[in-house]
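Note sheet for the following structure.
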Amino acid sequence: MKKILVIQLCRIGDILMTGPLLRGLRREHPSAEISLMVMDTFAVTPLPAHLYDRLVPFPVNRLATMLARKDAGWEPALDELRLVVKGLGTVPFDLVVNLTHTDMSGLITSLVPARKRVGLVARADRRKGIDSPWMTYLRATARSRDYTCFHLVDLFSWTAGVGRDAAGLEIDIAPEDHVWADAYLAEHELVGKPVIAVQLGASQESKQWPAERFAALVDALNPALGEILLVGSPGERPLGDVFLASVKRPVVSSIGDSSLRQLAALLQRSRVLVTNDTGPMHIATAVGTRVVDLSSGRVCAHETGPYGDGHVVIEPEMACYPCSLDSECHHFACRTAVTPTDAAAVVRYALGDGPVPSITGARVLQTRRAGPAGRIEFQPIGSTLTIKDAVRGAAAEVWEASLQAPPRVGDGWKDGVDLAEQAAGGDAAERDGLSRQLEAVAIEAETTAARARALPKASPAKLQGLAAEVHASLEKLLAIGESSRATHTLVTHLRHEIDSIAAADLSAMARAQAAAYAATAARARGLAARLEVLTAP
């Protein structure tokens, strides 16, 4: 019997976004034993039990406490880690999939006995490596997230080598949770009435629309559209107090009253969830409730937005949005870029009560399926497509083809309108400048591929100089990437590929490097060609 381990040491939203990967593994390996490792904080996972056979809680809090003690050293934490790995058994896993980009997860992935590992790993020489083209892509987008073109749900599935089906996220709701939700709505006289759920909180303040603005948004909605139900965790009660002090219409607050599964049952009974990018947003998509996502801060909807067809996102139109993952914001201007009145117009559109609004300071995006792999794409609506939209659409096609995304499987697919049918001419000067940068990347990468192929045949006298030329070319490519975020992912992906090569000798190393440079050149030329089509007048 096959054994598979999936390591997901992130928050509840990421755990829910792992569901389609697990479903794909179950579909393609029906007799395999699938283990899922999560942080012990989320050991009561809302994922349906049929998606995995064994849940492995990882003692993240205990390890953090051990590492924080300066008098104890790191040895106790390492002993604890060894106990976790020992608890997994001595029989090697056929596949370990690491979805978490932390040093700890890489160390676990390397320590667990396995025949195949994908994702971040710790090499025997203490170097980090990424044994997955899709996780390499994700790592490469960390500083150019405004150009990222794949949702985490799709990246997770492709990392495990499984194709996407037409279904979305899943969550387990017990019969007693439905009973509780019905009783709660009856207690607050909401049975039979349309309900608009509102989530005020988020994991970080920078990702959180101000509570007073939520209140103004709600007041701008026609009461006939639905009763307002606040949802959230106990820690979000202060936000609820701010909201209730500002709002002018009647509101029912369930903040802190429900468990995770009870919250899912409440959201299933709601017309729409108006929310920040946070765990309940993914719960809503899992139960089939439409989402209006008010993105801000480090949130990149194209990467972590509501997954499924027909959800709506309000994306601030600012040069610094979304924040880079390693940046620190001191103004939070994106949280006030959209007026409550404009946001209310988007909610009305999502409810079918108005046209697509054209709003100031932001754009409205809507989810749709696209491409042979069935990826989720966030399509701008009610506004002209930009060069950035064209770059993102072209890049998605190029990366899908070059990294060989598994084709979609099963029935139930409903594709949206192709980007090429909507694309405007765009700024010709901007497009031409980007085309020149892409050609520069292609030429330099092709030249370097040839140099790398020549390394094994070089004489000892010429070897050092040729190797220096290869290194200098990588530095030149990285400089091009720094000058344009549209090319940044291309060359950063190349750098991570080069850094992750584990070769036994010079010949193997040279072949791997030559292949990486040649692939980069092909992607640059492919992106330029597709961009030309999408931006043609």
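Following the order of the structure tokens, chains are lettered A, B, ..., residues in each are numbered from 1, and ligands are numbered from 1.
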key: Long-range neighbours of Val218 (chain A) as a PyMOL selection string, 8 Å cut-off, only C-alpha atoms, 2 positions minimum in chain   = chain A and resi 214-216+220-221+228+247+344
query = Leaving out Ser259 (chain A) and any residue of its chain fewer than 2 positions from it, which residues lie within 12 Å of it when counting only C-alpha atoms, given as a PyMOL selection string?
reply = chain A and resi 44-46+173-174+176-178+180-181+231-234+254-257+261-266+280
Restricted to N, CA, C and O atoms, what would the selected residues look like written as an mmCIF file, in the first residue's frame?
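Now in out.cif:
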data_model
loop_
_atom_site.group_PDB
_atom_site.id
_atom_site.type_symbol
_atom_site.label_atom_id
_atom_site.label_comp_id
_atom_site.auth_asym_id
_atom_site.auth_seq_id
_atom_site.Cartn_x
_atom_site.Cartn_y
_atom_site.Cartn_z
ATOM 1 N N VAL A 44 -8.033 20.262 15.147
ATOM 2 C CA VAL A 44 -9.443 19.982 14.862
ATOM 3 C C VAL A 44 -9.737 20.607 13.500
ATOM 4 O O VAL A 44 -10.302 21.694 13.385
ATOM 5 N N THR A 45 -9.308 19.915 12.454
ATOM 6 C CA THR A 45 -9.399 20.469 11.110
ATOM 7 C C THR A 45 -10.823 20.351 10.574
ATOM 8 O O THR A 45 -11.509 19.361 10.842
ATOM 9 N N PRO A 46 -11.289 21.363 9.820
ATOM 10 C CA PRO A 46 -12.637 21.289 9.257
ATOM 11 C C PRO A 46 -12.706 20.490 7.956
ATOM 12 O O PRO A 46 -13.775 20.370 7.368
ATOM 13 N N ILE A 173 -19.431 19.656 7.791
ATOM 14 C CA ILE A 173 -20.445 20.220 8.697
ATOM 15 C C ILE A 173 -21.284 19.064 9.224
ATOM 16 O O ILE A 173 -21.918 18.341 8.443
ATOM 17 N N ALA A 174 -21.315 18.875 10.539
ATOM 18 C CA ALA A 174 -22.066 17.782 11.143
ATOM 19 C C ALA A 174 -23.548 18.153 11.237
ATOM 20 O O ALA A 174 -23.909 19.339 11.253
ATOM 21 N N GLU A 176 -25.506 18.198 13.714
ATOM 22 C CA GLU A 176 -25.782 19.045 14.885
ATOM 23 C C GLU A 176 -25.403 20.507 14.645
ATOM 24 O O GLU A 176 -25.964 21.415 15.268
ATOM 25 N N ASP A 177 -24.446 20.733 13.742
ATOM 26 C CA ASP A 177 -24.080 22.110 13.408
ATOM 27 C C ASP A 177 -25.187 22.790 12.610
ATOM 28 O O ASP A 177 -25.469 23.979 12.802
ATOM 29 N N HIS A 178 -25.839 22.038 11.725
ATOM 30 C CA HIS A 178 -26.984 22.581 10.999
ATOM 31 C C HIS A 178 -28.143 22.872 11.949
ATOM 32 O O HIS A 178 -28.823 23.892 11.816
ATOM 33 N N TRP A 180 -27.872 23.629 15.093
ATOM 34 C CA TRP A 180 -27.498 24.835 15.851
ATOM 35 C C TRP A 180 -27.743 26.089 15.034
ATOM 36 O O TRP A 180 -28.282 27.083 15.538
ATOM 37 N N ALA A 181 -27.339 26.076 13.756
ATOM 38 C CA ALA A 181 -27.498 27.259 12.901
ATOM 39 C C ALA A 181 -28.968 27.618 12.726
ATOM 40 O O ALA A 181 -29.344 28.801 12.795
ATOM 41 N N VAL A 231 -20.162 37.904 11.667
ATOM 42 C CA VAL A 231 -19.563 36.624 12.033
ATOM 43 C C VAL A 231 -18.107 36.866 12.414
ATOM 44 O O VAL A 231 -17.505 37.860 12.011
ATOM 45 N N GLY A 232 -17.544 35.940 13.191
ATOM 46 C CA GLY A 232 -16.147 36.095 13.576
ATOM 47 C C GLY A 232 -15.820 35.336 14.844
ATOM 48 O O GLY A 232 -16.690 34.744 15.488
ATOM 49 N N SER A 233 -14.545 35.384 15.214
ATOM 50 C CA SER A 233 -14.043 34.669 16.379
ATOM 51 C C SER A 233 -14.163 35.540 17.629
ATOM 52 O O SER A 233 -14.366 36.755 17.538
ATOM 53 N N PRO A 234 -14.022 34.947 18.821
ATOM 54 C CA PRO A 234 -14.121 35.732 20.058
ATOM 55 C C PRO A 234 -13.142 36.904 20.105
ATOM 56 O O PRO A 234 -13.479 37.967 20.630
ATOM 57 N N SER A 254 -22.997 37.527 15.647
ATOM 58 C CA SER A 254 -22.697 36.173 16.126
ATOM 59 C C SER A 254 -21.215 36.033 16.439
ATOM 60 O O SER A 254 -20.720 34.917 16.602
ATOM 61 N N ILE A 255 -20.496 37.159 16.529
ATOM 62 C CA ILE A 255 -19.052 37.115 16.771
ATOM 63 C C ILE A 255 -18.765 36.388 18.083
ATOM 64 O O ILE A 255 -19.266 36.773 19.147
ATOM 65 N N GLY A 256 -17.983 35.332 18.004
ATOM 66 C CA GLY A 256 -17.615 34.574 19.192
ATOM 67 C C GLY A 256 -18.641 33.561 19.632
ATOM 68 O O GLY A 256 -18.409 32.837 20.601
ATOM 69 N N ASP A 257 -19.773 33.460 18.932
ATOM 70 C CA ASP A 257 -20.842 32.553 19.369
ATOM 71 C C ASP A 257 -20.750 31.160 18.748
ATOM 72 O O ASP A 257 -21.372 30.228 19.247
ATOM 73 N N ARG A 261 -17.330 24.905 12.500
ATOM 74 C CA ARG A 261 -18.338 24.219 11.688
ATOM 75 C C ARG A 261 -19.698 24.890 11.804
ATOM 76 O O ARG A 261 -20.478 24.917 10.842
ATOM 77 N N GLN A 262 -20.025 25.441 12.966
ATOM 78 C CA GLN A 262 -21.269 26.193 13.105
ATOM 79 C C GLN A 262 -21.236 27.457 12.254
ATOM 80 O O GLN A 262 -22.237 27.840 11.650
ATOM 81 N N LEU A 263 -20.064 28.079 12.192
ATOM 82 C CA LEU A 263 -19.906 29.242 11.313
ATOM 83 C C LEU A 263 -20.154 28.836 9.867
ATOM 84 O O LEU A 263 -20.831 29.556 9.109
ATOM 85 N N ALA A 264 -19.628 27.679 9.473
ATOM 86 C CA ALA A 264 -19.852 27.202 8.107
ATOM 87 C C ALA A 264 -21.336 27.027 7.832
ATOM 88 O O ALA A 264 -21.837 27.374 6.748
ATOM 89 N N ALA A 265 -22.077 26.507 8.804
ATOM 90 C CA ALA A 265 -23.517 26.311 8.631
ATOM 91 C C ALA A 265 -24.239 27.650 8.505
ATOM 92 O O ALA A 265 -25.177 27.788 7.714
ATOM 93 N N LEU A 266 -23.802 28.653 9.278
ATOM 94 C CA LEU A 266 -24.399 29.992 9.166
ATOM 95 C C LEU A 266 -24.113 30.598 7.787
ATOM 96 O O LEU A 266 -25.002 31.187 7.155
ATOM 97 N N PRO A 280 -12.684 32.640 7.256
ATOM 98 C CA PRO A 280 -14.104 32.520 6.921
ATOM 99 C C PRO A 280 -14.412 32.735 5.443
ATOM 100 O O PRO A 280 -15.402 32.208 4.939
#
request  = Pick out the residues sitting within 8 Å of Thr278 (chain A), and hand them over as a ChimeraX atom specification; count only C-alpha atoms, and ignore anything fewer than 4 positions along from it in its own chain.
outcome  = /A:13,201-203,282
Kindly export the residues of the current selection with all heavy atoms, as a short mmCIF file (atom, residue, chain, number, x, y, z; two decimals), in the first residue's frame.
data_model
loop_
_atom_site.label_atom_id
_atom_site.label_comp_id
_atom_site.auth_asym_id
_atom_site.auth_seq_id
_atom_site.Cartn_x
_atom_site.Cartn_y
_atom_site.Cartn_z
N GLY A 13 -7.18 28.83 6.58
CA GLY A 13 -7.49 29.04 5.17
C GLY A 13 -6.63 28.18 4.27
O GLY A 13 -7.11 27.60 3.29
N GLY A 201 -12.79 40.87 10.79
CA GLY A 201 -11.40 40.66 11.19
C GLY A 201 -10.55 40.01 10.11
O GLY A 201 -11.03 39.63 9.03
N ALA A 202 -9.26 39.90 10.40
CA ALA A 202 -8.29 39.22 9.56
C ALA A 202 -7.08 38.89 10.44
O ALA A 202 -6.96 39.40 11.56
CB ALA A 202 -7.87 40.07 8.37
N SER A 203 -6.19 38.07 9.92
CA SER A 203 -5.04 37.63 10.73
C SER A 203 -4.06 38.76 11.01
O SER A 203 -3.30 38.70 11.97
CB SER A 203 -4.31 36.48 10.03
OG SER A 203 -3.86 36.88 8.75
N HIS A 282 -12.69 31.51 2.97
CA HIS A 282 -12.53 30.20 2.35
C HIS A 282 -13.63 29.24 2.81
O HIS A 282 -14.06 28.37 2.04
CB HIS A 282 -11.15 29.64 2.68
CG HIS A 282 -10.03 30.49 2.19
ND1 HIS A 282 -9.79 30.72 0.85
CD2 HIS A 282 -9.09 31.22 2.86
CE1 HIS A 282 -8.74 31.53 0.71
NE2 HIS A 282 -8.31 31.85 1.91
#
Per-residue nearest contacts of region 84-175 of chain A to region 16-28 of chain A (10 Å; only C-alpha atoms) as a tab-separated table:
residue	atom	partner	partner_atom	distance
A:Leu99	CA	A:Thr18	CA	8.8
A:His151	CA	A:Met17	CA	9.6
A:Leu152	CA	A:Met17	CA	7.2
A:Val153	CA	A:Met17	CA	5.3
A:Asp154	CA	A:Leu21	CA	8.2
A:Leu155	CA	A:Leu21	CA	9.1
A:Phe156	CA	A:Leu21	CA	6.1
A:Ser157	CA	A:Leu21	CA	4.4
A:Trp158	CA	A:Leu21	CA	8.0
A:Thr159	CA	A:Leu21	CA	8.7
A:Ala160	CA	A:Leu21	CA	7.0
A:Gly161	CA	A:Leu25	CA	8.6
A:Val162	CA	A:Gly24	CA	5.6
A:Gly163	CA	A:Gly24	CA	6.8
A:Arg164	CA	A:Gly24	CA	7.1
A:Asp165	CA	A:Gly24	CA	7.8
A:Ala166	CA	A:Pro20	CA	9.7
A:Ala167	CA	A:Pro20	CA	7.8
A:Gly168	CA	A:Pro20	CA	6.8
A:Leu169	CA	A:Gly19	CA	6.0
A:Glu170	CA	A:Gly19	CA	6.3
A:Ile171	CA	A:Leu16	CA	7.3
With the cut-off set at 10 Å and counting only C-alpha atoms, tabulate each residue of region 112-167 of chain A with an atom at most that distance from an atom of region 387-397 of chain A, showing the nearest atom pair and its distance in Å to one decimal, ordered by chain and increasing number, as JSON lines.
{"residue": "A:Asp146", "atom": "CA", "partner": "A:Lys388", "partner_atom": "CA", "distance": 8.5}
{"residue": "A:Tyr147", "atom": "CA", "partner": "A:Arg392", "partner_atom": "CA", "distance": 5.7}
{"residue": "A:Thr148", "atom": "CA", "partner": "A:Arg392", "partner_atom": "CA", "distance": 6.7}
{"residue": "A:Cys149", "atom": "CA", "partner": "A:Arg392", "partner_atom": "CA", "distance": 5.5}
{"residue": "A:Phe150", "atom": "CA", "partner": "A:Ala396", "partner_atom": "CA", "distance": 7.1}
Can you write just those residues out, N, CA, C and O atoms, as a PDB file, in the first residue's frame?
ATOM      1  N   ASP A 146       2.214  41.168  -7.542  1.00  0.00           N
ATOM      2  CA  ASP A 146       1.195  41.819  -8.358  1.00  0.00           C
ATOM      3  C   ASP A 146       1.138  41.238  -9.763  1.00  0.00           C
ATOM      4  O   ASP A 146       0.196  41.521 -10.513  1.00  0.00           O
ATOM      5  N   TYR A 147       2.117  40.408 -10.133  1.00  0.00           N
ATOM      6  CA  TYR A 147       2.108  39.749 -11.442  1.00  0.00           C
ATOM      7  C   TYR A 147       1.855  38.249 -11.327  1.00  0.00           C
ATOM      8  O   TYR A 147       1.890  37.549 -12.336  1.00  0.00           O
ATOM      9  N   THR A 148       1.627  37.745 -10.126  1.00  0.00           N
ATOM     10  CA  THR A 148       1.400  36.309  -9.988  1.00  0.00           C
ATOM     11  C   THR A 148       0.111  35.920 -10.698  1.00  0.00           C
ATOM     12  O   THR A 148      -0.845  36.690 -10.748  1.00  0.00           O
ATOM     13  N   CYS A 149       0.084  34.730 -11.261  1.00  0.00           N
ATOM     14  CA  CYS A 149      -1.062  34.357 -12.099  1.00  0.00           C
ATOM     15  C   CYS A 149      -1.692  33.029 -11.704  1.00  0.00           C
ATOM     16  O   CYS A 149      -2.562  32.534 -12.425  1.00  0.00           O
ATOM     17  N   PHE A 150      -1.297  32.449 -10.571  1.00  0.00           N
ATOM     18  CA  PHE A 150      -1.870  31.176 -10.153  1.00  0.00           C
ATOM     19  C   PHE A 150      -2.334  31.230  -8.706  1.00  0.00           C
ATOM     20  O   PHE A 150      -1.646  31.776  -7.836  1.00  0.00           O
TER      21      PHE A 150
END
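For the choices A:Ala512, A:Leu36, A:Ala197, A:Ile443, the atom-to-atom distance to Ser253 (chain A) is smallest for A:Ala197 when using only C-alpha atoms.
Between CA of Ala449 (chain A) and CA of Leu463 (chain A) the interatomic distance comes to 15.2 Å.
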query = Which residues, written as a PyMOL selection string, have at least one atom at most 12 Å from Arg145 (chain A), with only C-alpha atoms counted and residues fewer than 6 positions away on the same chain left out?
reply = chain A and resi 137-139+151+297-304+320-326+388+392+485-489
task = Write out as a ChimeraX atom specification which residues come within 8 Å of Val292 (chain A) when counting only C-alpha atoms, dropping same-chain ones fewer than 3 positions away.
result = /A:272-275,311-314,346-347,350
Take the residues from that selection and write them out as a CSV table (one decimal), in the first residue's frame, keeping C-alpha atoms.
chain,number,residue,atom,x,y,z
A,272,VAL,CA,-23.2,36.6,0.4
A,273,LEU,CA,-20.2,37.1,2.7
A,274,VAL,CA,-18.6,40.5,2.7
A,275,THR,CA,-15.2,40.0,4.1
A,311,HIS,CA,-16.8,35.5,-6.5
A,312,VAL,CA,-16.0,39.2,-6.6
A,313,VAL,CA,-12.9,41.0,-5.4
A,314,ILE,CA,-12.2,44.7,-4.9
A,346,VAL,CA,-20.0,46.0,-5.7
A,347,VAL,CA,-22.1,44.1,-3.1
A,350,ALA,CA,-22.7,40.5,-6.5
ask   = Tell me, which residues of region 282-407 of chain A carry DSSP strand (DSSP E or B), written as a VMD selection string?
value = chain A and resid 290 to 294 312 to 316 362 to 370 375 to 381
